[in-house]
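Student: Handing over upload_36.pdb, PDB, C-alpha atoms, pLDDT in the B column.
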MODEL        1
ATOM      1  CA  THR A   1      -8.312-104.837 103.461  1.00 42.00           C
ATOM      2  CA  ILE A   2      -5.436-107.237 104.043  1.00 43.00           C
ATOM      3  CA  HIS A   3      -5.327-110.361 101.889  1.00 45.00           C
ATOM      4  CA  ASN A   4      -1.766-111.704 101.953  1.00 47.00           C
ATOM      5  CA  ALA A   5       0.602-112.542 104.767  1.00 48.00           C
ATOM      6  CA  GLY A   6       4.048-110.935 104.989  1.00 48.00           C
ATOM      7  CA  THR A   7       5.787-107.763 106.110  1.00 51.00           C
ATOM      8  CA  VAL A   8       5.328-104.220 104.850  1.00 51.00           C
ATOM      9  CA  THR A   9       7.632-101.263 105.421  1.00 59.00           C
ATOM     10  CA  ILE A  10       5.918 -97.889 105.552  1.00 60.00           C
ATOM     11  CA  THR A  11       8.018 -94.757 105.119  1.00 64.00           C
ATOM     12  CA  ALA A  12       6.869 -91.200 105.810  1.00 61.00           C
ATOM     13  CA  SER A  13       9.018 -88.389 104.469  1.00 63.00           C
ATOM     14  CA  GLN A  14       9.118 -84.642 104.732  1.00 64.00           C
ATOM     15  CA  GLY A  15      11.037 -83.240 101.801  1.00 60.00           C
ATOM     16  CA  GLY A  16      13.823 -80.592 102.080  1.00 59.00           C
ATOM     17  CA  ASP A  17      14.252 -77.568  99.880  1.00 59.00           C
ATOM     18  CA  GLY A  18      16.871 -79.249  97.709  1.00 58.00           C
ATOM     19  CA  ASN A  19      19.580 -76.855  98.852  1.00 61.00           C
ATOM     20  CA  TYR A  20      20.253 -76.336 102.563  1.00 56.00           C
ATOM     21  CA  GLN A  21      17.308 -78.182 104.237  1.00 55.00           C
ATOM     22  CA  PRO A  22      17.706 -82.030 104.168  1.00 57.00           C
ATOM     23  CA  ALA A  23      14.693 -84.354 103.878  1.00 59.00           C
ATOM     24  CA  ASN A  24      13.430 -86.111 107.034  1.00 67.00           C
ATOM     25  CA  SER A  25      11.935 -89.619 106.928  1.00 66.00           C
ATOM     26  CA  VAL A  26      10.654 -92.252 109.377  1.00 69.00           C
ATOM     27  CA  SER A  27      10.242 -95.940 108.495  1.00 67.00           C
ATOM     28  CA  LYS A  28       8.154 -98.595 110.255  1.00 63.00           C
ATOM     29  CA  THR A  29       7.927-102.312 109.404  1.00 60.00           C
ATOM     30  CA  ILE A  30       4.682-104.100 110.263  1.00 51.00           C
ATOM     31  CA  THR A  31       3.431-107.655 109.849  1.00 51.00           C
ATOM     32  CA  THR A  32       0.375-108.264 107.703  1.00 49.00           C
ATOM     33  CA  TYR A  33      -1.902-111.320 107.874  1.00 51.00           C
ATOM     34  CA  GLN A  34      -3.816-113.326 105.334  1.00 52.00           C
ATOM     35  CA  TYR A  35      -7.557-113.369 106.066  1.00 59.00           C
ATOM     36  CA  ASN A  36      -8.834-115.409 103.109  1.00 72.00           C
ATOM     37  CA  VAL A  37      -9.465-118.988 104.211  1.00 81.00           C
ATOM     38  CA  SER A  38      -8.215-121.616 101.763  1.00 85.00           C
ATOM     39  CA  ASN A  39      -8.832-125.321 101.194  1.00 90.00           C
ATOM     40  CA  LEU A  40     -12.355-125.260 102.633  1.00 93.00           C
ATOM     41  CA  LYS A  41     -13.824-128.758 102.220  1.00 95.00           C
ATOM     42  CA  ALA A  42     -16.196-131.326 103.680  1.00 96.00           C
ATOM     43  CA  THR A  43     -14.258-134.152 105.294  1.00 96.00           C
ATOM     44  CA  GLU A  44     -17.403-136.191 106.038  1.00 96.00           C
ATOM     45  CA  THR A  45     -20.920-135.841 104.664  1.00 97.00           C
ATOM     46  CA  ALA A  46     -23.645-137.948 106.278  1.00 97.00           C
ATOM     47  CA  TYR A  47     -27.456-138.049 106.303  1.00 97.00           C
ATOM     48  CA  LYS A  48     -27.840-135.556 109.143  1.00 96.00           C
ATOM     49  CA  TYR A  49     -24.493-133.784 109.481  1.00 97.00           C
ATOM     50  CA  VAL A  50     -21.372-132.528 107.707  1.00 98.00           C
ATOM     51  CA  LYS A  51     -17.834-131.986 109.000  1.00 97.00           C
ATOM     52  CA  LEU A  52     -15.910-129.035 107.522  1.00 97.00           C
ATOM     53  CA  SER A  53     -12.200-128.234 107.606  1.00 96.00           C
ATOM     54  CA  TRP A  54      -9.943-125.497 106.201  1.00 94.00           C
ATOM     55  CA  ASN A  55      -6.388-124.183 106.434  1.00 92.00           C
ATOM     56  CA  ALA A  56      -5.441-122.054 109.430  1.00 90.00           C
ATOM     57  CA  ILE A  57      -4.894-118.311 108.984  1.00 86.00           C
ATOM     58  CA  ASP A  58      -2.188-116.422 110.906  1.00 82.00           C
ATOM     59  CA  GLY A  59      -3.732-113.640 112.949  1.00 80.00           C
ATOM     60  CA  ALA A  60      -7.251-115.095 113.018  1.00 85.00           C
ATOM     61  CA  GLU A  61      -8.661-115.419 116.515  1.00 88.00           C
ATOM     62  CA  SER A  62     -11.695-117.523 115.527  1.00 91.00           C
ATOM     63  CA  TYR A  63     -13.808-118.453 112.530  1.00 92.00           C
ATOM     64  CA  SER A  64     -17.499-117.987 111.742  1.00 92.00           C
ATOM     65  CA  ILE A  65     -19.304-120.604 109.669  1.00 94.00           C
ATOM     66  CA  TYR A  66     -22.138-119.721 107.298  1.00 94.00           C
ATOM     67  CA  GLU A  67     -24.653-121.966 105.559  1.00 96.00           C
ATOM     68  CA  GLY A  68     -25.778-119.770 102.724  1.00 94.00           C
ATOM     69  CA  ASN A  69     -26.487-116.478 104.544  1.00 92.00           C
ATOM     70  CA  THR A  70     -27.263-118.191 107.851  1.00 95.00           C
ATOM     71  CA  HIS A  71     -24.668-118.002 110.627  1.00 94.00           C
ATOM     72  CA  LYS A  72     -24.254-121.533 112.017  1.00 96.00           C
ATOM     73  CA  GLY A  73     -21.772-120.738 114.776  1.00 95.00           C
ATOM     74  CA  ASN A  74     -18.163-119.936 115.647  1.00 94.00           C
ATOM     75  CA  THR A  75     -15.199-122.165 116.281  1.00 94.00           C
ATOM     76  CA  LYS A  76     -13.624-122.542 119.710  1.00 90.00           C
ATOM     77  CA  GLY A  77     -10.626-120.310 119.313  1.00 89.00           C
ATOM     78  CA  THR A  78      -8.489-121.101 116.292  1.00 91.00           C
ATOM     79  CA  GLU A  79      -9.863-124.586 115.586  1.00 94.00           C
ATOM     80  CA  THR A  80     -10.106-125.239 111.851  1.00 95.00           C
ATOM     81  CA  THR A  81     -12.887-127.823 111.923  1.00 96.00           C
ATOM     82  CA  PHE A  82     -16.617-127.492 112.507  1.00 97.00           C
ATOM     83  CA  THR A  83     -19.549-129.911 112.535  1.00 97.00           C
ATOM     84  CA  ILE A  84     -23.011-128.847 111.382  1.00 97.00           C
ATOM     85  CA  THR A  85     -25.979-131.014 112.347  1.00 97.00           C
ATOM     86  CA  GLY A  86     -29.702-131.009 111.619  1.00 96.00           C
ATOM     87  CA  LEU A  87     -29.371-131.535 107.860  1.00 97.00           C
ATOM     88  CA  THR A  88     -32.078-133.188 105.764  1.00 97.00           C
ATOM     89  CA  TYR A  89     -31.810-136.149 103.417  1.00 97.00           C
ATOM     90  CA  GLY A  90     -30.888-135.598  99.769  1.00 97.00           C
ATOM     91  CA  SER A  91     -30.384-131.835 100.136  1.00 98.00           C
ATOM     92  CA  SER A  92     -27.651-129.439  98.961  1.00 98.00           C
ATOM     93  CA  TYR A  93     -25.918-126.895 101.202  1.00 98.00           C
ATOM     94  CA  THR A  94     -23.255-124.251 100.514  1.00 97.00           C
ATOM     95  CA  TYR A  95     -20.787-123.169 103.211  1.00 96.00           C
ATOM     96  CA  THR A  96     -18.379-120.257 103.606  1.00 93.00           C
ATOM     97  CA  ILE A  97     -15.991-119.277 106.403  1.00 91.00           C
ATOM     98  CA  LYS A  98     -15.219-115.836 107.811  1.00 89.00           C
ATOM     99  CA  THR A  99     -12.177-115.044 109.929  1.00 87.00           C
ATOM    100  CA  ASN A 100     -12.553-112.977 113.087  1.00 85.00           C
ATOM    101  CA  ASP A 101      -9.889-110.585 114.392  1.00 76.00           C
ATOM    102  CA  THR A 102     -10.977-108.536 117.406  1.00 66.00           C
ATOM    103  CA  LYS A 103      -7.766-106.515 117.489  1.00 61.00           C
ATOM    104  CA  SER A 104      -8.515-104.845 114.180  1.00 51.00           C
ATOM    105  CA  TYR A 105     -12.281-105.495 114.363  1.00 45.00           C
ATOM    106  CA  ARG A 106     -11.984-107.191 111.004  1.00 52.00           C
ATOM    107  CA  GLN A 107     -14.118-110.015 109.613  1.00 55.00           C
ATOM    108  CA  GLN A 108     -13.266-111.277 106.150  1.00 58.00           C
ATOM    109  CA  SER A 109     -15.038-113.788 103.924  1.00 58.00           C
ATOM    110  CA  SER A 110     -13.193-116.915 102.924  1.00 55.00           C
ATOM    111  CA  GLY A 111     -13.250-116.092  99.244  1.00 58.00           C
ATOM    112  CA  THR A 112     -14.035-119.765  98.639  1.00 74.00           C
ATOM    113  CA  GLU A 113     -17.058-121.920  99.303  1.00 88.00           C
ATOM    114  CA  THR A 114     -17.910-125.594  99.317  1.00 94.00           C
ATOM    115  CA  THR A 115     -21.203-127.226  98.375  1.00 96.00           C
ATOM    116  CA  ILE A 116     -22.286-130.627  99.646  1.00 97.00           C
ATOM    117  CA  THR A 117     -25.283-132.877  99.028  1.00 98.00           C
ATOM    118  CA  THR A 118     -26.474-135.209 101.772  1.00 98.00           C
ATOM    119  CA  PRO A 119     -27.253-138.828 100.818  1.00 97.00           C
ATOM    120  CA  ASP A 120     -30.806-139.952 100.147  1.00 97.00           C
ATOM    121  CA  TYR A 121     -32.765-141.732 102.866  1.00 97.00           C
ATOM    122  CA  PRO A 122     -31.991-145.488 103.031  1.00 97.00           C
ATOM    123  CA  SER A 123     -35.573-146.608 102.409  1.00 97.00           C
ATOM    124  CA  VAL A 124     -36.824-150.171 102.669  1.00 98.00           C
ATOM    125  CA  GLN A 125     -37.302-151.803  99.261  1.00 97.00           C
ATOM    126  CA  ASN A 126     -39.380-154.603  97.740  1.00 98.00           C
ATOM    127  CA  ILE A 127     -42.217-155.239 100.183  1.00 98.00           C
ATOM    128  CA  THR A 128     -43.955-158.531  99.332  1.00 98.00           C
ATOM    129  CA  PHE A 129     -46.591-160.812 100.880  1.00 98.00           C
ATOM    130  CA  PRO A 130     -45.549-164.462 100.529  1.00 97.00           C
ATOM    131  CA  THR A 131     -48.419-165.735 102.696  1.00 97.00           C
ATOM    132  CA  VAL A 132     -51.936-164.288 102.875  1.00 97.00           C
ATOM    133  CA  THR A 133     -54.815-166.046 104.646  1.00 96.00           C
ATOM    134  CA  GLN A 134     -58.262-165.060 105.817  1.00 96.00           C
ATOM    135  CA  ASN A 135     -56.990-163.686 109.127  1.00 96.00           C
ATOM    136  CA  SER A 136     -53.224-163.195 108.739  1.00 97.00           C
ATOM    137  CA  VAL A 137     -50.592-161.801 106.410  1.00 98.00           C
ATOM    138  CA  THR A 138     -46.837-162.325 106.282  1.00 98.00           C
ATOM    139  CA  VAL A 139     -44.758-159.479 104.880  1.00 98.00           C
ATOM    140  CA  ASN A 140     -41.168-159.661 103.631  1.00 98.00           C
ATOM    141  CA  TRP A 141     -38.735-156.940 102.470  1.00 98.00           C
ATOM    142  CA  ASN A 142     -35.147-156.590 101.342  1.00 98.00           C
ATOM    143  CA  PRO A 143     -32.559-155.957 104.059  1.00 98.00           C
ATOM    144  CA  VAL A 144     -31.186-152.411 104.210  1.00 98.00           C
ATOM    145  CA  THR A 145     -27.449-152.818 103.652  1.00 96.00           C
ATOM    146  CA  ASN A 146     -26.489-149.459 102.163  1.00 95.00           C
ATOM    147  CA  LEU A 147     -26.134-147.419 105.358  1.00 97.00           C
ATOM    148  CA  LEU A 148     -23.154-145.082 105.497  1.00 97.00           C
ATOM    149  CA  THR A 149     -19.952-145.938 107.319  1.00 92.00           C
ATOM    150  CA  ASN A 150     -20.340-145.268 111.045  1.00 93.00           C
ATOM    151  CA  HIS A 151     -24.118-145.845 110.752  1.00 97.00           C
ATOM    152  CA  THR A 152     -25.685-149.038 112.086  1.00 97.00           C
ATOM    153  CA  LEU A 153     -29.143-150.523 111.593  1.00 98.00           C
ATOM    154  CA  VAL A 154     -30.898-150.985 114.950  1.00 98.00           C
ATOM    155  CA  GLN A 155     -34.188-152.566 113.853  1.00 98.00           C
ATOM    156  CA  TYR A 156     -37.144-152.316 111.497  1.00 98.00           C
ATOM    157  CA  HIS A 157     -40.490-150.755 112.348  1.00 98.00           C
ATOM    158  CA  VAL A 158     -43.524-152.439 110.772  1.00 98.00           C
ATOM    159  CA  ARG A 159     -46.935-150.767 110.786  1.00 98.00           C
ATOM    160  CA  LEU A 160     -50.324-152.235 109.943  1.00 98.00           C
ATOM    161  CA  TYR A 161     -53.144-149.967 108.761  1.00 98.00           C
ATOM    162  CA  LYS A 162     -56.818-150.683 108.137  1.00 97.00           C
ATOM    163  CA  GLY A 163     -57.653-149.423 104.658  1.00 97.00           C
ATOM    164  CA  THR A 164     -55.449-148.333 101.762  1.00 94.00           C
ATOM    165  CA  GLY A 165     -56.138-144.647 101.142  1.00 89.00           C
ATOM    166  CA  THR A 166     -55.233-141.412 102.848  1.00 90.00           C
ATOM    167  CA  ASP A 167     -57.874-142.115 105.497  1.00 92.00           C
ATOM    168  CA  LYS A 168     -56.343-145.451 106.552  1.00 96.00           C
ATOM    169  CA  VAL A 169     -56.190-146.059 110.302  1.00 97.00           C
ATOM    170  CA  GLN A 170     -53.087-147.354 112.076  1.00 97.00           C
ATOM    171  CA  LEU A 171     -53.707-150.595 113.979  1.00 98.00           C
ATOM    172  CA  LYS A 172     -50.256-151.809 115.008  1.00 97.00           C
ATOM    173  CA  ASP A 173     -46.648-150.609 115.191  1.00 98.00           C
ATOM    174  CA  GLU A 174     -44.233-153.498 115.720  1.00 98.00           C
ATOM    175  CA  LYS A 175     -40.447-153.828 115.771  1.00 98.00           C
ATOM    176  CA  THR A 176     -38.177-156.592 114.525  1.00 98.00           C
ATOM    177  CA  LYS A 177     -34.556-157.230 113.592  1.00 98.00           C
ATOM    178  CA  GLU A 178     -35.656-159.667 110.902  1.00 98.00           C
ATOM    179  CA  THR A 179     -36.815-158.886 107.370  1.00 98.00           C
ATOM    180  CA  THR A 180     -40.184-160.580 107.811  1.00 98.00           C
ATOM    181  CA  TYR A 181     -43.191-160.154 110.057  1.00 98.00           C
ATOM    182  CA  THR A 182     -46.631-161.795 110.418  1.00 98.00           C
ATOM    183  CA  PHE A 183     -49.782-159.943 111.478  1.00 98.00           C
ATOM    184  CA  ASP A 184     -52.585-162.106 112.916  1.00 97.00           C
ATOM    185  CA  GLY A 185     -56.175-161.425 113.955  1.00 97.00           C
ATOM    186  CA  LEU A 186     -57.216-159.820 110.684  1.00 97.00           C
ATOM    187  CA  VAL A 187     -60.665-159.823 109.073  1.00 96.00           C
ATOM    188  CA  ASP A 188     -61.212-161.822 105.896  1.00 96.00           C
ATOM    189  CA  ALA A 189     -61.713-160.060 102.557  1.00 96.00           C
ATOM    190  CA  SER A 190     -60.521-156.745 104.025  1.00 97.00           C
ATOM    191  CA  ASP A 191     -58.091-154.138 102.759  1.00 97.00           C
ATOM    192  CA  TYR A 192     -54.957-153.378 104.761  1.00 98.00           C
ATOM    193  CA  THR A 193     -51.704-151.479 104.237  1.00 98.00           C
ATOM    194  CA  VAL A 194     -48.328-152.568 105.600  1.00 98.00           C
ATOM    195  CA  CYS A 195     -45.510-150.001 105.938  1.00 98.00           C
ATOM    196  CA  VAL A 196     -41.866-150.637 106.858  1.00 98.00           C
ATOM    197  CA  ASN A 197     -39.121-148.228 107.941  1.00 98.00           C
ATOM    198  CA  ILE A 198     -35.776-148.329 109.716  1.00 98.00           C
ATOM    199  CA  GLU A 199     -34.298-147.182 113.001  1.00 98.00           C
ATOM    200  CA  TYR A 200     -30.548-146.569 112.936  1.00 98.00           C
ATOM    201  CA  GLU A 201     -27.788-145.024 115.023  1.00 98.00           C
ATOM    202  CA  TYR A 202     -24.422-143.377 114.505  1.00 97.00           C
ATOM    203  CA  THR A 203     -21.547-141.991 116.566  1.00 95.00           C
ATOM    204  CA  LEU A 204     -20.663-138.298 116.294  1.00 95.00           C
ATOM    205  CA  ASP A 205     -17.877-136.703 118.317  1.00 91.00           C
ATOM    206  CA  GLY A 206     -17.970-139.622 120.753  1.00 92.00           C
ATOM    207  CA  ASN A 207     -21.756-139.520 121.263  1.00 95.00           C
ATOM    208  CA  LYS A 208     -24.069-142.276 120.057  1.00 96.00           C
ATOM    209  CA  ILE A 209     -27.170-140.822 118.396  1.00 97.00           C
ATOM    210  CA  ASN A 210     -30.337-142.812 117.740  1.00 98.00           C
ATOM    211  CA  VAL A 211     -32.507-141.910 114.739  1.00 97.00           C
ATOM    212  CA  GLN A 212     -36.138-143.019 114.776  1.00 97.00           C
ATOM    213  CA  PRO A 213     -38.024-143.707 111.514  1.00 97.00           C
ATOM    214  CA  ASP A 214     -38.560-140.566 109.445  1.00 97.00           C
ATOM    215  CA  GLU A 215     -42.296-140.079 108.883  1.00 96.00           C
ATOM    216  CA  ASP A 216     -41.694-138.924 105.302  1.00 96.00           C
ATOM    217  CA  TYR A 217     -39.972-142.147 104.219  1.00 97.00           C
ATOM    218  CA  TRP A 218     -42.204-145.099 105.059  1.00 98.00           C
ATOM    219  CA  SER A 219     -42.300-147.779 102.355  1.00 98.00           C
ATOM    220  CA  CYS A 220     -45.855-149.110 102.019  1.00 97.00           C
ATOM    221  CA  ASN A 221     -47.788-151.758 100.122  1.00 97.00           C
ATOM    222  CA  PRO A 222     -51.526-152.599 100.197  1.00 97.00           C
ATOM    223  CA  ILE A 223     -52.864-156.115 100.719  1.00 97.00           C
ATOM    224  CA  THR A 224     -56.317-157.742 100.838  1.00 97.00           C
ATOM    225  CA  THR A 225     -56.895-160.757 103.063  1.00 96.00           C
ATOM    226  CA  ALA A 226     -58.365-163.913 101.607  1.00 95.00           C
ATOM    227  CA  THR A 227     -62.122-164.380 101.415  1.00 92.00           C
ATOM    228  CA  PHE A 228     -63.742-166.888 103.747  1.00 79.00           C
ATOM    229  CA  ILE A 229     -65.561-169.605 101.834  1.00 80.00           C
ATOM    230  CA  PRO A 230     -67.825-171.780 103.976  1.00 77.00           C
ATOM    231  CA  ASN A 231     -67.914-175.528 103.418  1.00 68.00           C
ATOM    232  CA  ALA A 232     -70.780-176.783 101.260  1.00 57.00           C
ATOM    233  CA  SER A 233     -73.605-178.479 103.190  1.00 55.00           C
ATOM    234  CA  GLN A 234     -73.246-182.193 103.394  1.00 50.00           C
ATOM    235  CA  GLY A 235     -76.102-184.151 101.780  1.00 50.00           C
ATOM    236  CA  GLY A 236     -77.951-186.721 103.893  1.00 46.00           C
TER     237      GLY A 236
ENDMDL
END
Go ahead and render the structure in this file as structure tokens.

Tutor:
Amino acid sequence: TIHNAGTVTITASQGGDGNYQPANSVSKTITTYQYNVSNLKATETAYKYVKLSWNAIDGAESYSIYEGNTHKGNTKGTETTFTITGLTYGSSYTYTIKTNDTKSYRQQSSGTETTITTPDYPSVQNITFPTVTQNSVTVNWNPVTNLLTNHTLVQYHVRLYKGTGTDKVQLKDEKTKETTYTFDGLVDASDYTVCVNIEYEYTLDGNKINVQPDEDYWSCNPITTATFIPNASQGG
């Protein structure tokens, strides 16, 4: 196995008899290559992707990227960068690189690895109900301002459910760029649940990618509409 770059001289000798027969020898100098990738690192870690880079290796014809024991793909030729997509929020991943050399049919591990953790989902916080009537409810929430660089908020999705438990039924799914929304046409003294999530987008390798609300990260709060109280009968 070759680990370090440089030149090596190999000499083959056939010894003489020490008296009349001289020794014969042949020397050959060859170039060796380093196959251990160095300086493997994540240059950008986002919610759904990571960009990796490493130092180039003389003699390598391409590189194979592994996430744990899973082969994620090969580079185009001798490129020393690779982008892995499809990651999940708040998760850790470990990456290694293998060099490929078809001339000697050799594939060597990088000898180093890098571990990254994706950021947590940017959930909506602090859902409140400043106005609640018999047939309407106004919901407010804090603006989401902690998106990563290169990520932009598109709009909020606001859902209204009838009920408050696991068997609640979705009634409406609205969209707004504001941090407030009013639902009308409700029934007095009834239980509802309001959930809010975000839609965002980012640019990756020149392509704009839209991300719809993740179903696992809705922020919800229950609310009960006001009770209708009829006017007292007027005396005559």

Student: Grab the atom CA of A:Gly73 to atom CA of A:Leu52 distance for me, in Å with one decimal place.

Tutor: 12.5 Å

Student: Let me make sure I understand: among A:Tyr89, A:Trp141, A:Tyr156, A:Phe82, which one has the smallest atom-to-atom distance to A:Asp216 if we use all atoms listed in the file?

Tutor: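 Using all atoms listed in the file, A:Asp216 sits closest to A:Tyr89.
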
Student: Would you compute the distance between atom CA of A:Glu215 and atom CA of A:Ser92? Give it in Å to one decimal.

Tutor: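 Separation between atom CA of A:Glu215 and atom CA of A:Ser92: 20.6 Å.
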
Student: In the coordinate frame of the file, compute which residues have an atom within 7 Å of (-39.4, -151.6, 108.9) when using all atoms listed in the file, and state them as a list in words.

Tutor: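 Checking each residue against the 7 Å limit leaves Val124, Tyr156, His157, Val158, Cys195, Val196, Asn197 and Ile198 of chain A.
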
Student: Just the residues within 10 Å of stretch 210-212 of chain A, please, counting only C-alpha atoms, with nothing from its chain fewer than 6 positions along; format it as a list in words.

Tutor: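 My list of contacting residues is Lys48, His151, Thr152, Leu153, Val154, Gln155, Tyr156, His157, Asn197, Ile198, Glu199, Tyr200, Glu201, Tyr202 and Thr203 of chain A.
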
Student: Once the PyMOL selection byres ((chain A and resi 163) around 7) has been evaluated on this model, what residues remain selected, and can you format them as a list in words?

Tutor: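 Checked against the file, the PyMOL selection byres ((chain A and resi 163) around 7) matches Tyr161, Lys162, Thr164, Gly165, Lys168, Val169, Asp191, Tyr192 and Thr193 of chain A.
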
Student: If the box runs along x, y and z of the file and leaves 3 Å on each side of stretch 198-217 of chain A, what are its centre and edge lengths in Å, one decimal, as lines of an AutoDock Vina configuration file?

Tutor:
center_x = -30.1
center_y = -142.5
center_z = 112.7
size_x = 30.4
size_y = 17.6
size_z = 23.0

Student: Between atom CA of A:Asp173 and atom CA of A:Val194, what distance in Å does the model show, to one decimal?

Tutor: 9.9 Å

Student: Which residue is closest to A:Trp54? Choose from A:Ile116, A:Cys220, A:Leu87, A:Ile97 and count only C-alpha atoms.

Tutor: A:Ile97

Student: Got a sec to check which residues sit within 8 Å of (-31.8, -143.8, 101.6), counting only C-alpha atoms, and write them as JSON, numbers by chain?

Tutor: {"A": [89, 119, 120, 121, 122, 123, 146, 147]}

Student: Find the residue from A:Val187, A:Ile209, A:Ile84, A:Ile57 that sits nearest to A:Val132; use all atoms listed in the file when measuring.

Tutor: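 Residue with the minimum atom-to-atom distance to A:Val132: A:Val187.
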
Student: Between A:Thr112, A:Asp101, A:Ala60, A:Thr179, which is the closest to A:Lys41 once you count only C-alpha atoms?

Tutor: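 Going through A:Thr112, A:Asp101, A:Ala60, A:Thr179 one by one, the smallest distance to A:Lys41 is for A:Thr112.
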
Student: Residues within 6 Å of A:Ala189, please, as JSON, numbers by chain. Count all atoms listed in the file; anything in the same chain fewer than 6 positions from it doesn't count.

Tutor: {"A": [225, 226, 227]}

Student: When distances are computed from all atoms listed in the file, which of A:Thr70, A:Thr176, A:Thr94, A:Thr224 shows the smallest separation from A:Gln134?

Tutor: A:Thr224

Student: List the residues selected by the PyMOL selection byres ((chain A and resi 142) around 10) in the file shown, writing them as a list in words.

Tutor: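 Applying the PyMOL selection byres ((chain A and resi 142) around 10) to the structure shown produces Val124, Gln125, Asn126, Ile127, Thr128, Asn140, Trp141, Pro143, Val144, Thr145, Thr179 and Thr180 of chain A.
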
Student: Selection in question (the file shown): the PyMOL selection byres ((chain A and resi 172) around 6). Which residues does it include, as a PyMOL selection string?

Tutor: chain A and resi 159-160+171+173

Student: Measuring atom to atom with all atoms listed in the file, identify which of A:Thr88, A:Ser64, A:Thr83, A:Thr182 is nearest to A:Asp214.

Tutor: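 For A:Asp214, the nearest of the given residues is A:Thr88.
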
Student: Quick one: residues within 8 Å of A:Gly68, only C-alpha atoms, excluding same-chain residues fewer than 4 positions away - as number ranges by chain?

Tutor: A: 93-96

Student: Could you add the missing atoms to stretch 142-155 of chain A, up to N, CA, C and O atoms, and return them as a short mmCIF file (atom, residue, chain, number, x, y, z; two decimals), in the frame of the given file?

Tutor:
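Okay, out_4.cif is ready:
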data_model
loop_
_atom_site.label_atom_id
_atom_site.label_comp_id
_atom_site.auth_asym_id
_atom_site.auth_seq_id
_atom_site.Cartn_x
_atom_site.Cartn_y
_atom_site.Cartn_z
N ASN A 142 -36.60 -156.46 101.50
CA ASN A 142 -35.15 -156.59 101.34
C ASN A 142 -34.43 -155.97 102.53
O ASN A 142 -34.84 -154.91 103.03
N PRO A 143 -33.33 -156.57 102.97
CA PRO A 143 -32.56 -155.96 104.06
C PRO A 143 -31.92 -154.65 103.61
O PRO A 143 -31.50 -154.52 102.45
N VAL A 144 -31.86 -153.68 104.50
CA VAL A 144 -31.19 -152.41 104.21
C VAL A 144 -29.71 -152.59 104.53
O VAL A 144 -29.32 -152.74 105.69
N THR A 145 -28.89 -152.57 103.49
CA THR A 145 -27.45 -152.82 103.65
C THR A 145 -26.60 -151.65 103.16
O THR A 145 -25.37 -151.76 103.14
N ASN A 146 -27.24 -150.57 102.75
CA ASN A 146 -26.49 -149.46 102.16
C ASN A 146 -26.32 -148.27 103.10
O ASN A 146 -26.17 -147.13 102.65
N LEU A 147 -26.37 -148.52 104.42
CA LEU A 147 -26.13 -147.42 105.36
C LEU A 147 -24.69 -146.93 105.25
O LEU A 147 -23.79 -147.69 104.91
N LEU A 148 -24.49 -145.66 105.56
CA LEU A 148 -23.15 -145.08 105.50
C LEU A 148 -22.24 -145.69 106.55
O LEU A 148 -22.69 -146.26 107.55
N THR A 149 -20.93 -145.55 106.31
CA THR A 149 -19.95 -145.94 107.32
C THR A 149 -20.23 -145.17 108.62
O THR A 149 -20.59 -144.00 108.58
N ASN A 150 -20.08 -145.86 109.73
CA ASN A 150 -20.34 -145.27 111.04
C ASN A 150 -21.83 -145.19 111.37
O ASN A 150 -22.23 -144.61 112.37
N HIS A 151 -22.68 -145.78 110.52
CA HIS A 151 -24.12 -145.84 110.75
C HIS A 151 -24.52 -147.32 110.84
O HIS A 151 -24.12 -148.12 109.99
N THR A 152 -25.33 -147.64 111.84
CA THR A 152 -25.68 -149.04 112.09
C THR A 152 -27.19 -149.19 112.18
O THR A 152 -27.87 -148.41 112.85
N LEU A 153 -27.72 -150.21 111.50
CA LEU A 153 -29.14 -150.52 111.59
C LEU A 153 -29.46 -151.07 112.98
O LEU A 153 -28.79 -151.98 113.48
N VAL A 154 -30.47 -150.51 113.62
CA VAL A 154 -30.90 -150.99 114.95
C VAL A 154 -32.00 -152.02 114.79
O VAL A 154 -31.91 -153.15 115.30
N GLN A 155 -33.08 -151.66 114.08
CA GLN A 155 -34.19 -152.57 113.85
C GLN A 155 -35.13 -151.96 112.83
O GLN A 155 -35.00 -150.80 112.43
#
